[in-house]
$ cat start29.cif   # mmCIF, C-alpha atoms and all ligand atoms
data_model
#
loop_
_atom_site.group_PDB
_atom_site.id
_atom_site.type_symbol
_atom_site.label_atom_id
_atom_site.label_comp_id
_atom_site.auth_asym_id
_atom_site.auth_seq_id
_atom_site.Cartn_x
_atom_site.Cartn_y
_atom_site.Cartn_z
ATOM 1 C CA MET A 1 166.979 159.981 141.106
ATOM 2 C CA PRO A 2 164.631 162.565 139.645
ATOM 3 C CA VAL A 3 161.353 161.433 138.177
ATOM 4 C CA ASN A 4 161.198 161.310 134.379
ATOM 5 C CA ALA A 5 164.917 161.766 133.942
ATOM 6 C CA GLY A 6 165.926 161.194 130.343
ATOM 7 C CA TYR A 7 168.803 159.348 128.704
ATOM 8 C CA GLU A 8 170.944 162.482 128.750
ATOM 9 C CA TYR A 9 170.624 162.662 132.506
ATOM 10 C CA PHE A 10 171.684 159.060 133.054
ATOM 11 C CA ALA A 11 174.636 159.470 130.717
ATOM 12 C CA ALA A 12 175.711 162.600 132.604
ATOM 13 C CA GLN A 13 175.219 160.842 135.922
ATOM 14 C CA LYS A 14 177.437 157.955 134.809
ATOM 15 C CA LYS A 15 180.112 160.392 133.692
ATOM 16 C CA TYR A 16 179.968 162.123 137.064
ATOM 17 C CA GLN A 17 180.279 158.840 138.951
ATOM 18 C CA GLU A 18 183.305 157.888 136.891
ATOM 19 C CA ALA A 19 185.023 161.266 137.173
ATOM 20 C CA LYS A 20 188.366 161.033 138.945
ATOM 21 C CA THR A 21 189.957 164.455 139.265
ATOM 22 C CA LEU A 22 188.329 167.452 140.911
ATOM 23 C CA ASP A 23 188.153 169.271 137.568
ATOM 24 C CA GLU A 24 186.492 166.286 135.900
ATOM 25 C CA LYS A 25 183.994 166.049 138.737
ATOM 26 C CA ILE A 26 183.139 169.742 138.540
ATOM 27 C CA ARG A 27 182.677 169.611 134.758
ATOM 28 C CA ALA A 28 180.550 166.454 134.952
ATOM 29 C CA LEU A 29 178.406 167.898 137.726
ATOM 30 C CA GLU A 30 177.828 171.118 135.787
ATOM 31 C CA GLU A 31 176.676 168.990 132.864
ATOM 32 C CA LEU A 32 174.427 166.931 135.148
ATOM 33 C CA ILE A 33 172.816 170.101 136.492
ATOM 34 C CA ARG A 34 172.326 171.408 132.951
ATOM 35 C CA VAL A 35 170.450 168.299 131.796
ATOM 36 C CA SER A 36 168.461 167.784 135.017
ATOM 37 C CA PRO A 37 164.689 167.826 134.588
ATOM 38 C CA GLY A 38 163.385 171.264 135.478
ATOM 39 C CA HIS A 39 159.943 170.268 136.683
ATOM 40 C CA LYS A 40 158.630 170.221 140.248
ATOM 41 C CA GLY A 41 159.545 167.042 142.086
ATOM 42 C CA ALA A 42 163.082 167.241 140.724
ATOM 43 C CA GLU A 43 163.769 170.434 142.679
ATOM 44 C CA ASN A 44 165.249 168.686 145.709
ATOM 45 C CA VAL A 45 167.660 166.667 143.623
ATOM 46 C CA LEU A 46 168.694 169.772 141.728
ATOM 47 C CA ALA A 47 169.276 171.667 144.976
ATOM 48 C CA GLN A 48 171.429 168.781 146.251
ATOM 49 C CA LEU A 49 173.477 168.774 143.051
ATOM 50 C CA LYS A 50 174.020 172.514 143.308
ATOM 51 C CA THR A 51 175.162 172.231 146.923
ATOM 52 C CA LYS A 52 177.552 169.468 145.895
ATOM 53 C CA LEU A 53 178.889 171.648 143.070
ATOM 54 C CA SER A 54 179.586 174.584 145.329
ATOM 55 C CA LYS A 55 181.340 172.195 147.754
ATOM 56 C CA LEU A 56 183.542 170.850 144.981
ATOM 57 C CA LYS A 57 184.285 174.331 143.698
ATOM 58 C CA SER A 58 185.314 175.414 147.180
ATOM 59 C CA GLN A 59 188.029 172.728 147.053
ATOM 60 C CA LYS A 60 189.480 173.974 143.816
ATOM 61 C CA MET A 61 192.933 175.428 143.842
ATOM 62 C CA VAL A 62 194.782 177.598 141.391
ATOM 63 C CA THR A 63 198.524 177.289 140.913
ATOM 64 C CA LYS A 64 200.226 180.060 139.001
ATOM 65 C CA LYS A 65 203.789 180.719 138.017
ATOM 66 C CA ARG A 66 205.048 184.033 139.292
ATOM 67 C CA SER A 67 208.454 185.620 138.961
ATOM 68 C CA GLY A 68 209.353 184.450 142.473
ATOM 69 C CA GLY A 69 208.212 180.861 141.836
ATOM 70 C CA ARG A 70 204.932 178.979 141.959
ATOM 71 C CA VAL A 71 202.047 180.309 144.035
ATOM 72 C CA THR A 72 198.972 178.343 144.993
ATOM 73 C CA THR A 73 195.792 180.088 145.985
ATOM 74 C CA VAL A 74 192.523 178.679 147.219
ATOM 75 C CA PRO A 75 189.569 180.752 145.997
ATOM 76 C CA LYS A 76 187.644 181.967 149.014
ATOM 77 C CA THR A 77 184.148 180.778 149.729
ATOM 78 C CA GLY A 78 182.060 181.263 152.855
ATOM 79 C CA ALA A 79 182.438 184.024 155.408
ATOM 80 C CA ALA A 80 186.222 183.703 155.794
ATOM 81 C CA GLN A 81 189.226 181.512 155.080
ATOM 82 C CA VAL A 82 191.177 179.935 157.931
ATOM 83 C CA CYS A 83 194.307 177.866 157.367
ATOM 84 C CA ILE A 84 196.052 175.254 159.486
ATOM 85 C CA VAL A 85 199.846 175.438 159.602
ATOM 86 C CA GLY A 86 202.171 173.058 161.444
ATOM 87 C CA PHE A 87 204.925 170.469 161.268
ATOM 88 C CA ALA A 88 204.435 166.875 160.122
ATOM 89 C CA ASN A 89 202.209 164.794 162.390
ATOM 90 C CA ALA A 90 200.973 167.774 164.406
ATOM 91 C CA GLY A 91 197.470 166.551 163.584
ATOM 92 C CA LYS A 92 196.516 169.080 160.885
ATOM 93 C CA SER A 93 194.620 166.560 158.762
ATOM 94 C CA GLU A 94 192.912 165.199 161.862
ATOM 95 C CA LEU A 95 191.837 168.731 162.814
ATOM 96 C CA LEU A 96 190.621 169.482 159.289
ATOM 97 C CA ARG A 97 188.537 166.316 159.416
ATOM 98 C CA THR A 98 187.130 167.130 162.857
ATOM 99 C CA LEU A 99 186.195 170.660 161.800
ATOM 100 C CA THR A 100 184.921 169.962 158.276
ATOM 101 C CA GLY A 101 184.602 166.230 157.646
ATOM 102 C CA VAL A 102 187.163 166.441 154.830
ATOM 103 C CA GLY A 103 190.551 164.767 154.805
ATOM 104 C CA GLU A 104 192.603 161.700 155.513
ATOM 105 C CA PRO A 105 194.886 161.865 158.569
ATOM 106 C CA SER A 106 197.812 159.485 158.341
ATOM 107 C CA PRO A 107 200.645 158.362 160.641
ATOM 108 C CA MET A 108 202.984 158.751 157.646
ATOM 109 C CA PRO A 109 204.669 162.148 157.877
ATOM 110 C CA TYR A 110 204.332 164.459 154.867
ATOM 111 C CA SER A 111 201.399 162.485 153.532
ATOM 112 C CA THR A 112 199.414 165.635 152.734
ATOM 113 C CA LYS A 113 201.186 166.861 149.613
ATOM 114 C CA SER A 114 198.842 169.595 148.450
ATOM 115 C CA PRO A 115 196.500 171.866 150.407
ATOM 116 C CA ARG A 116 193.209 170.297 151.516
ATOM 117 C CA VAL A 117 190.048 172.344 151.778
ATOM 118 C CA GLY A 118 186.852 171.846 153.760
ATOM 119 C CA MET A 119 183.925 173.939 154.966
ATOM 120 C CA MET A 120 183.279 174.254 158.680
ATOM 121 C CA LEU A 121 179.876 175.198 159.987
ATOM 122 C CA TYR A 122 179.964 177.500 163.001
ATOM 123 C CA GLU A 123 176.352 177.842 164.132
ATOM 124 C CA ASP A 124 174.877 179.114 160.839
ATOM 125 C CA VAL A 125 178.067 180.483 159.299
ATOM 126 C CA GLN A 126 180.178 178.623 156.719
ATOM 127 C CA ILE A 127 183.918 179.065 157.204
ATOM 128 C CA GLN A 128 186.492 177.687 154.788
ATOM 129 C CA VAL A 129 189.385 175.736 156.317
ATOM 130 C CA VAL A 130 192.592 174.927 154.411
ATOM 131 C CA GLU A 131 195.310 172.518 155.549
ATOM 132 C CA ILE A 132 198.770 173.630 154.447
ATOM 133 C CA PRO A 133 201.184 170.746 153.733
ATOM 134 C CA SER A 134 203.810 170.173 156.445
ATOM 135 C CA SER A 135 206.606 170.894 153.965
ATOM 136 C CA MET A 136 205.564 174.557 154.271
ATOM 137 C CA GLU A 137 206.952 175.529 150.894
ATOM 138 C CA PRO A 138 206.553 179.236 150.076
ATOM 139 C CA GLU A 139 204.144 178.169 147.342
ATOM 140 C CA PHE A 140 201.713 176.974 150.003
ATOM 141 C CA LEU A 141 202.494 179.484 152.726
ATOM 142 C CA SER A 142 201.115 182.118 150.385
ATOM 143 C CA ILE A 143 197.708 180.667 151.240
ATOM 144 C CA ALA A 144 198.324 181.534 154.887
ATOM 145 C CA HIS A 145 199.123 185.023 153.723
ATOM 146 C CA ASN A 146 195.723 185.401 152.115
ATOM 147 C CA SER A 147 193.739 183.709 154.877
ATOM 148 C CA GLU A 148 191.981 185.773 157.515
ATOM 149 C CA LEU A 149 193.328 183.575 160.310
ATOM 150 C CA ALA A 150 196.139 181.024 160.621
ATOM 151 C CA ILE A 151 195.882 178.236 163.178
ATOM 152 C CA PHE A 152 199.393 177.216 164.167
ATOM 153 C CA LEU A 153 199.006 173.672 165.383
ATOM 154 C CA TYR A 154 201.722 171.831 167.283
ATOM 155 C CA ASP A 155 202.107 168.588 169.165
ATOM 156 C CA ALA A 156 201.525 169.418 172.848
ATOM 157 C CA ALA A 157 204.414 167.135 173.759
ATOM 158 C CA ARG A 158 206.764 169.203 171.572
ATOM 159 C CA PRO A 159 206.442 172.800 172.800
ATOM 160 C CA GLU A 160 209.907 173.443 171.330
ATOM 161 C CA ASP A 161 208.225 173.421 167.902
ATOM 162 C CA VAL A 162 206.515 176.698 168.768
ATOM 163 C CA GLU A 163 209.763 178.600 168.494
ATOM 164 C CA LYS A 164 210.465 177.209 165.035
ATOM 165 C CA LEU A 165 206.925 177.968 163.965
ATOM 166 C CA MET A 166 207.308 181.517 165.232
ATOM 167 C CA GLU A 167 210.145 182.000 162.766
ATOM 168 C CA THR A 168 207.814 180.977 159.948
ATOM 169 C CA ALA A 169 205.134 183.315 161.238
ATOM 170 C CA GLU A 170 207.566 186.184 161.350
ATOM 171 C CA LYS A 171 209.079 185.478 157.953
ATOM 172 C CA GLU A 172 205.640 185.366 156.399
ATOM 173 C CA ASP A 173 204.522 188.385 158.406
ATOM 174 C CA LEU A 174 201.350 186.652 159.522
ATOM 175 C CA ARG A 175 199.280 188.904 161.778
ATOM 176 C CA ASN A 176 196.330 186.849 162.930
ATOM 177 C CA ILE A 177 197.627 183.627 164.441
ATOM 178 C CA LEU A 178 195.868 181.270 166.797
ATOM 179 C CA TRP A 179 198.272 178.945 168.629
ATOM 180 C CA VAL A 180 196.766 175.567 169.375
ATOM 181 C CA ALA A 181 198.374 172.574 171.082
ATOM 182 C CA ASN A 182 197.188 169.160 169.989
ATOM 183 C CA SER A 183 197.219 166.455 172.669
ATOM 184 C CA ILE A 184 198.513 163.586 170.578
ATOM 185 C CA THR A 185 199.999 161.901 173.624
ATOM 186 C CA GLU A 186 198.685 161.974 177.173
ATOM 187 C CA LYS A 187 201.172 164.635 178.213
ATOM 188 C CA LYS A 188 199.434 167.704 179.556
ATOM 189 C CA ALA A 189 199.823 170.753 177.396
ATOM 190 C CA VAL A 190 200.556 174.285 178.477
ATOM 191 C CA GLY A 191 197.974 176.742 177.187
ATOM 192 C CA PHE A 192 194.949 175.996 175.045
ATOM 193 C CA ALA A 193 194.911 172.371 173.965
ATOM 194 C CA ILE A 194 192.574 170.327 171.857
ATOM 195 C CA ASN A 195 192.445 166.704 170.923
ATOM 196 C CA ALA A 196 191.869 166.661 167.190
ATOM 197 C CA LYS A 197 191.052 162.970 167.249
ATOM 198 C CA THR A 198 188.550 162.773 170.108
ATOM 199 C CA GLY A 199 187.149 166.248 169.510
ATOM 200 C CA GLU A 200 187.989 167.509 172.994
ATOM 201 C CA ASN A 201 187.716 171.326 173.188
ATOM 202 C CA ILE A 202 186.724 171.528 169.521
ATOM 203 C CA ASN A 203 183.643 173.612 170.254
ATOM 204 C CA GLU A 204 185.795 176.039 172.227
ATOM 205 C CA LEU A 205 188.184 176.157 169.288
ATOM 206 C CA LYS A 206 185.322 176.897 166.866
ATOM 207 C CA ARG A 207 184.096 179.713 169.106
ATOM 208 C CA THR A 208 187.628 181.107 169.310
ATOM 209 C CA ILE A 209 188.003 180.966 165.523
ATOM 210 C CA TRP A 210 184.768 182.929 165.114
ATOM 211 C CA TRP A 211 185.830 185.433 167.754
ATOM 212 C CA ARG A 212 189.275 185.900 166.188
ATOM 213 C CA LEU A 213 187.773 186.495 162.744
ATOM 214 C CA LYS A 214 186.075 189.613 164.137
ATOM 215 C CA LEU A 215 182.963 189.239 162.044
ATOM 216 C CA VAL A 216 179.325 189.955 162.680
ATOM 217 C CA ARG A 217 176.394 188.259 161.023
ATOM 218 C CA VAL A 218 173.126 189.969 160.289
ATOM 219 C CA TYR A 219 169.844 188.687 158.923
ATOM 220 C CA THR A 220 168.214 190.992 156.428
ATOM 221 C CA LYS A 221 164.446 191.076 156.043
ATOM 222 C CA ILE A 222 161.888 192.489 153.678
ATOM 223 C CA VAL A 223 158.987 194.524 155.124
ATOM 224 C CA GLY A 224 156.128 192.203 156.040
ATOM 225 C CA LYS A 225 158.214 189.058 155.589
ATOM 226 C CA LYS A 226 160.259 186.866 157.911
ATOM 227 C CA ALA A 227 163.998 187.505 158.203
ATOM 228 C CA GLU A 228 166.357 185.528 155.975
ATOM 229 C CA THR A 229 167.533 182.332 157.631
ATOM 230 C CA ARG A 230 170.992 182.629 156.098
ATOM 231 C CA PRO A 231 173.067 185.391 157.594
ATOM 232 C CA MET A 232 175.179 187.899 155.773
ATOM 233 C CA THR A 233 178.625 188.360 157.335
ATOM 234 C CA LEU A 234 180.479 191.638 157.667
ATOM 235 C CA ARG A 235 183.518 192.904 159.544
ATOM 236 C CA ALA A 236 182.875 193.898 163.129
ATOM 237 C CA GLY A 237 182.204 197.629 163.312
ATOM 238 C CA SER A 238 180.210 197.644 160.065
ATOM 239 C CA THR A 239 177.207 199.931 159.836
ATOM 240 C CA VAL A 240 173.758 199.820 158.270
ATOM 241 C CA ARG A 241 175.419 201.595 155.310
ATOM 242 C CA ASP A 242 177.639 198.539 154.707
ATOM 243 C CA VAL A 243 174.638 196.232 154.963
ATOM 244 C CA ALA A 244 172.591 198.322 152.524
ATOM 245 C CA ARG A 245 175.500 198.485 150.069
ATOM 246 C CA ASP A 246 176.027 194.726 150.221
ATOM 247 C CA VAL A 247 172.347 193.967 149.655
ATOM 248 C CA HIS A 248 171.957 196.230 146.639
ATOM 249 C CA LYS A 249 173.488 199.545 145.586
ATOM 250 C CA ASP A 250 169.992 200.984 144.992
ATOM 251 C CA PHE A 251 169.202 200.326 148.643
ATOM 252 C CA LEU A 252 171.964 202.688 149.595
ATOM 253 C CA LYS A 253 171.011 205.304 147.012
ATOM 254 C CA ASN A 254 167.317 205.328 147.967
ATOM 255 C CA PHE A 255 167.772 204.626 151.680
ATOM 256 C CA LYS A 256 165.184 206.147 154.013
ATOM 257 C CA PHE A 257 165.743 204.330 157.301
ATOM 258 C CA ALA A 258 166.223 200.834 158.698
ATOM 259 C CA ARG A 259 164.495 198.970 161.475
ATOM 260 C CA VAL A 260 166.767 196.889 163.652
ATOM 261 C CA TRP A 261 166.028 194.074 166.050
ATOM 262 C CA GLY A 262 168.953 193.376 168.360
ATOM 263 C CA SER A 263 171.312 196.282 168.753
ATOM 264 C CA ALA A 264 168.640 199.010 168.469
ATOM 265 C CA LYS A 265 167.210 200.796 171.548
ATOM 266 C CA PHE A 266 164.085 198.645 171.328
ATOM 267 C CA PRO A 267 163.051 195.848 168.949
ATOM 268 C CA GLY A 268 162.296 197.309 165.549
ATOM 269 C CA ALA A 269 163.565 200.814 166.348
ATOM 270 C CA GLN A 270 164.423 203.065 163.416
ATOM 271 C CA VAL A 271 168.085 203.763 162.772
ATOM 272 C CA GLY A 272 170.142 205.622 160.178
ATOM 273 C CA LEU A 273 173.058 204.646 157.952
ATOM 274 C CA ASP A 274 175.666 205.203 160.661
ATOM 275 C CA HIS A 275 174.169 202.722 163.098
ATOM 276 C CA VAL A 276 176.789 200.087 163.966
ATOM 277 C CA VAL A 277 175.356 196.605 163.620
ATOM 278 C CA LYS A 278 175.951 193.823 166.112
ATOM 279 C CA ASP A 279 176.201 190.076 165.695
ATOM 280 C CA LYS A 280 172.803 188.448 165.072
ATOM 281 C CA ASP A 281 170.956 191.706 164.336
ATOM 282 C CA ILE A 282 167.873 191.550 162.121
ATOM 283 C CA ILE A 283 167.804 194.463 159.674
ATOM 284 C CA GLU A 284 164.918 195.714 157.596
ATOM 285 C CA ILE A 285 165.872 198.407 155.114
ATOM 286 C CA HIS A 286 163.272 200.925 153.983
ATOM 287 C CA ALA A 287 164.067 202.602 150.683
ATOM 288 C CA SER A 288 162.020 204.801 148.405
HETATM 289 N N1 LIG B 301 195.646 160.311 169.794
HETATM 290 C C1 LIG B 301 195.653 161.312 168.922
HETATM 291 N N2 LIG B 301 196.162 161.090 167.702
HETATM 292 C C2 LIG B 301 196.153 162.101 166.812
HETATM 293 C C3 LIG B 301 195.619 163.399 167.131
HETATM 294 N N3 LIG B 301 195.770 164.189 166.053
HETATM 295 C C4 LIG B 301 196.342 163.436 165.104
HETATM 296 N N4 LIG B 301 196.577 162.180 165.549
HETATM 297 C C5 LIG B 301 197.208 161.080 164.791
HETATM 298 O O1 LIG B 301 198.529 161.456 164.452
HETATM 299 C C6 LIG B 301 198.848 161.071 163.116
HETATM 300 C C7 LIG B 301 199.207 162.286 162.262
HETATM 301 O O2 LIG B 301 198.054 163.136 162.157
HETATM 302 P P1 LIG B 301 197.760 163.991 160.869
HETATM 303 O O3 LIG B 301 196.492 164.689 161.135
HETATM 304 O O4 LIG B 301 197.834 163.162 159.628
HETATM 305 O O5 LIG B 301 199.008 164.998 160.945
HETATM 306 P P2 LIG B 301 199.469 166.124 159.906
HETATM 307 O O6 LIG B 301 200.741 165.629 159.310
HETATM 308 O O7 LIG B 301 199.722 167.346 160.758
HETATM 309 O O8 LIG B 301 198.375 166.333 158.929
HETATM 310 C C8 LIG B 301 197.620 160.358 162.580
HETATM 311 O O9 LIG B 301 197.784 158.972 162.737
HETATM 312 C C9 LIG B 301 196.502 160.875 163.455
HETATM 313 O O10 LIG B 301 195.432 159.966 163.541
HETATM 314 C C10 LIG B 301 195.102 163.580 168.448
HETATM 315 O O11 LIG B 301 194.618 164.656 168.807
HETATM 316 N N5 LIG B 301 195.130 162.512 169.292
HETATM 317 MG MG MG B 302 198.259 166.275 156.887
#
$ encode --input "start29.cif" --output "structure tokens"
Amino acid sequence: MPVNAGYEYFAAQKKYQEAKTLDEKIRALEELIRVSPGHKGAENVLAQLKTKLSKLKSQKMVTKKRSGGRVTTVPKTGAAQVCIVGFANAGKSELLRTLTGVGEPSPMPYSTKSPRVGMMLYEDVQIQVVEIPSSMEPEFLSIAHNSELAIFLYDAARPEDVEKLMETAEKEDLRNILWVANSITEKKAVGFAINAKTGENINELKRTIWWRLKLVRVYTKIVGKKAETRPMTLRAGSTVRDVARDVHKDFLKNFKFARVWGSAKFPGAQVGLDHVVKDKDIIEIHAS
């Protein structure tokens, strides 16, 4: 509780605590942030509220009516969006919970009725994970369409499900699919298997997700200062030009050179706009 919080703050806090739907929670939290005391000492609380708000917003979904029927989209946050597709009781909710901490797995089939969203931390990169309901209605499969990667999860004891899932993958024309067997029973799986419940092989899965997303992260820095601790993510193969453009368009316009630690010939070597950046590079842009 921030020091010297006024009546307005407590009223807003109460409203937030009583909020039921996601929309209500988001609105109440925005109000709470607006009336939060701005002085020093309240900064930590404010930062926490803002983090909470961005988490809630990342779970928001938009359902629209289109000519072909309803379409649900999940606004993207983080470096990329990954979805989990599979039949009932494949362990999708369990996997979402293991990766992100969000969700309620249940032995009741079809208990996840609408997509569930969580944020997974891979090292220092935030990746959004969406569970698609087992019913696999076209309305929800459209999310898989827009995701950068689809994890097709199946019960390791039911390899026959893979064939049926392949039909879905083909129908939806999904290009980036990661097949994962979930060891719900003791039966040994063929291929890459995880145990969503115990967390077995989850770190390997996270590494594979990152690898399959084909991204690189770079840390930008200002001359004379330490590099940013939060990375910027770009597609693999991106150049210093892409970094400069993403930081600020003036950086690109007035670009002189960049110093790179990591992929350069030696630490801090000067490079030009065409230099291809590598994962974990530190980049200092010099502009006029
Ligand atoms: N032993 C074990 N049980 C699991 C595993 N994954 C899921 N379950 C259980 O199987 C049931 C269905 O899982 P859930 O994640 O809700 O499946 P979903 O329908 O694909 O979302 C739940 O009771 C889970 O706790 C696993 O890896 N090992
Ligand atoms: Mg589920």
$ closest_atom_pairs --input "start29.cif" --of "chain A" --to "ligand LIG 301 (chain B)" --cutoff "8 Å" --atoms "only C-alpha atoms and all ligand atoms" --output "JSON lines"
{"residue": "A:Gly86", "atom": "CA", "partner": "B:LIG301", "partner_atom": "O7", "distance": 6.3}
{"residue": "A:Phe87", "atom": "CA", "partner": "B:LIG301", "partner_atom": "O7", "distance": 6.1}
{"residue": "A:Ala88", "atom": "CA", "partner": "B:LIG301", "partner_atom": "O6", "distance": 4.0}
{"residue": "A:Asn89", "atom": "CA", "partner": "B:LIG301", "partner_atom": "O6", "distance": 3.5}
{"residue": "A:Ala90", "atom": "CA", "partner": "B:LIG301", "partner_atom": "O7", "distance": 3.9}
{"residue": "A:Gly91", "atom": "CA", "partner": "B:LIG301", "partner_atom": "O3", "distance": 3.2}
{"residue": "A:Lys92", "atom": "CA", "partner": "B:LIG301", "partner_atom": "O7", "distance": 3.6}
{"residue": "A:Ser93", "atom": "CA", "partner": "B:LIG301", "partner_atom": "O3", "distance": 3.6}
{"residue": "A:Glu94", "atom": "CA", "partner": "B:LIG301", "partner_atom": "O3", "distance": 3.7}
{"residue": "A:Leu95", "atom": "CA", "partner": "B:LIG301", "partner_atom": "O3", "distance": 6.4}
{"residue": "A:Leu96", "atom": "CA", "partner": "B:LIG301", "partner_atom": "O3", "distance": 7.8}
{"residue": "A:Glu104", "atom": "CA", "partner": "B:LIG301", "partner_atom": "O4", "distance": 6.8}
{"residue": "A:Pro105", "atom": "CA", "partner": "B:LIG301", "partner_atom": "O4", "distance": 3.4}
{"residue": "A:Ser106", "atom": "CA", "partner": "B:LIG301", "partner_atom": "O4", "distance": 3.9}
{"residue": "A:Pro107", "atom": "CA", "partner": "B:LIG301", "partner_atom": "O9", "distance": 3.6}
{"residue": "A:Met108", "atom": "CA", "partner": "B:LIG301", "partner_atom": "C7", "distance": 6.9}
{"residue": "A:Pro109", "atom": "CA", "partner": "B:LIG301", "partner_atom": "O6", "distance": 5.4}
{"residue": "A:Tyr110", "atom": "CA", "partner": "B:LIG301", "partner_atom": "O6", "distance": 5.8}
{"residue": "A:Ser111", "atom": "CA", "partner": "B:LIG301", "partner_atom": "O6", "distance": 6.6}
{"residue": "A:Thr112", "atom": "CA", "partner": "B:LIG301", "partner_atom": "O8", "distance": 6.3}
{"residue": "A:Glu131", "atom": "CA", "partner": "B:LIG301", "partner_atom": "O8", "distance": 7.7}
{"residue": "A:Pro133", "atom": "CA", "partner": "B:LIG301", "partner_atom": "O8", "distance": 7.4}
{"residue": "A:Ser134", "atom": "CA", "partner": "B:LIG301", "partner_atom": "O6", "distance": 6.2}
{"residue": "A:Leu153", "atom": "CA", "partner": "B:LIG301", "partner_atom": "O7", "distance": 7.9}
{"residue": "A:Asn182", "atom": "CA", "partner": "B:LIG301", "partner_atom": "O11", "distance": 5.3}
{"residue": "A:Ser183", "atom": "CA", "partner": "B:LIG301", "partner_atom": "O11", "distance": 5.0}
{"residue": "A:Ile184", "atom": "CA", "partner": "B:LIG301", "partner_atom": "N5", "distance": 3.8}
{"residue": "A:Thr185", "atom": "CA", "partner": "B:LIG301", "partner_atom": "N1", "distance": 6.0}
{"residue": "A:Ile194", "atom": "CA", "partner": "B:LIG301", "partner_atom": "O11", "distance": 6.8}
{"residue": "A:Asn195", "atom": "CA", "partner": "B:LIG301", "partner_atom": "O11", "distance": 3.7}
{"residue": "A:Ala196", "atom": "CA", "partner": "B:LIG301", "partner_atom": "O11", "distance": 3.8}
{"residue": "A:Lys197", "atom": "CA", "partner": "B:LIG301", "partner_atom": "O11", "distance": 4.2}
{"residue": "A:Thr198", "atom": "CA", "partner": "B:LIG301", "partner_atom": "O11", "distance": 6.5}
{"residue": "A:Gly199", "atom": "CA", "partner": "B:LIG301", "partner_atom": "O11", "distance": 7.7}
$ closest_residue --input "start29.cif" --among "A:Lys278, A:Arg66, A:Arg175, A:Lys256" --to "Phe152 in chain A" --atoms "only C-alpha atoms"
A:Arg175
$ residues_around --input "start29.cif" --residues "Ile151 in chain A" --least-positions-apart "2" --cutoff "7 Å" --atoms "all atoms listed in the file" --output "count of residues only"
9
$ closest_residue --input "start29.cif" --among "A:Lys52, A:Arg116, A:Lys20, A:Lys64" --to "ligand MG 302 (chain B)" --atoms "all atoms listed in the file"
A:Arg116
$ resolve_selection --input "start29.cif" --expression "the PyMOL selection byres (((chain A and resi 232) around 6) and not hetatm)" --output "PyMOL selection string"
chain A and resi 217-218+231+233
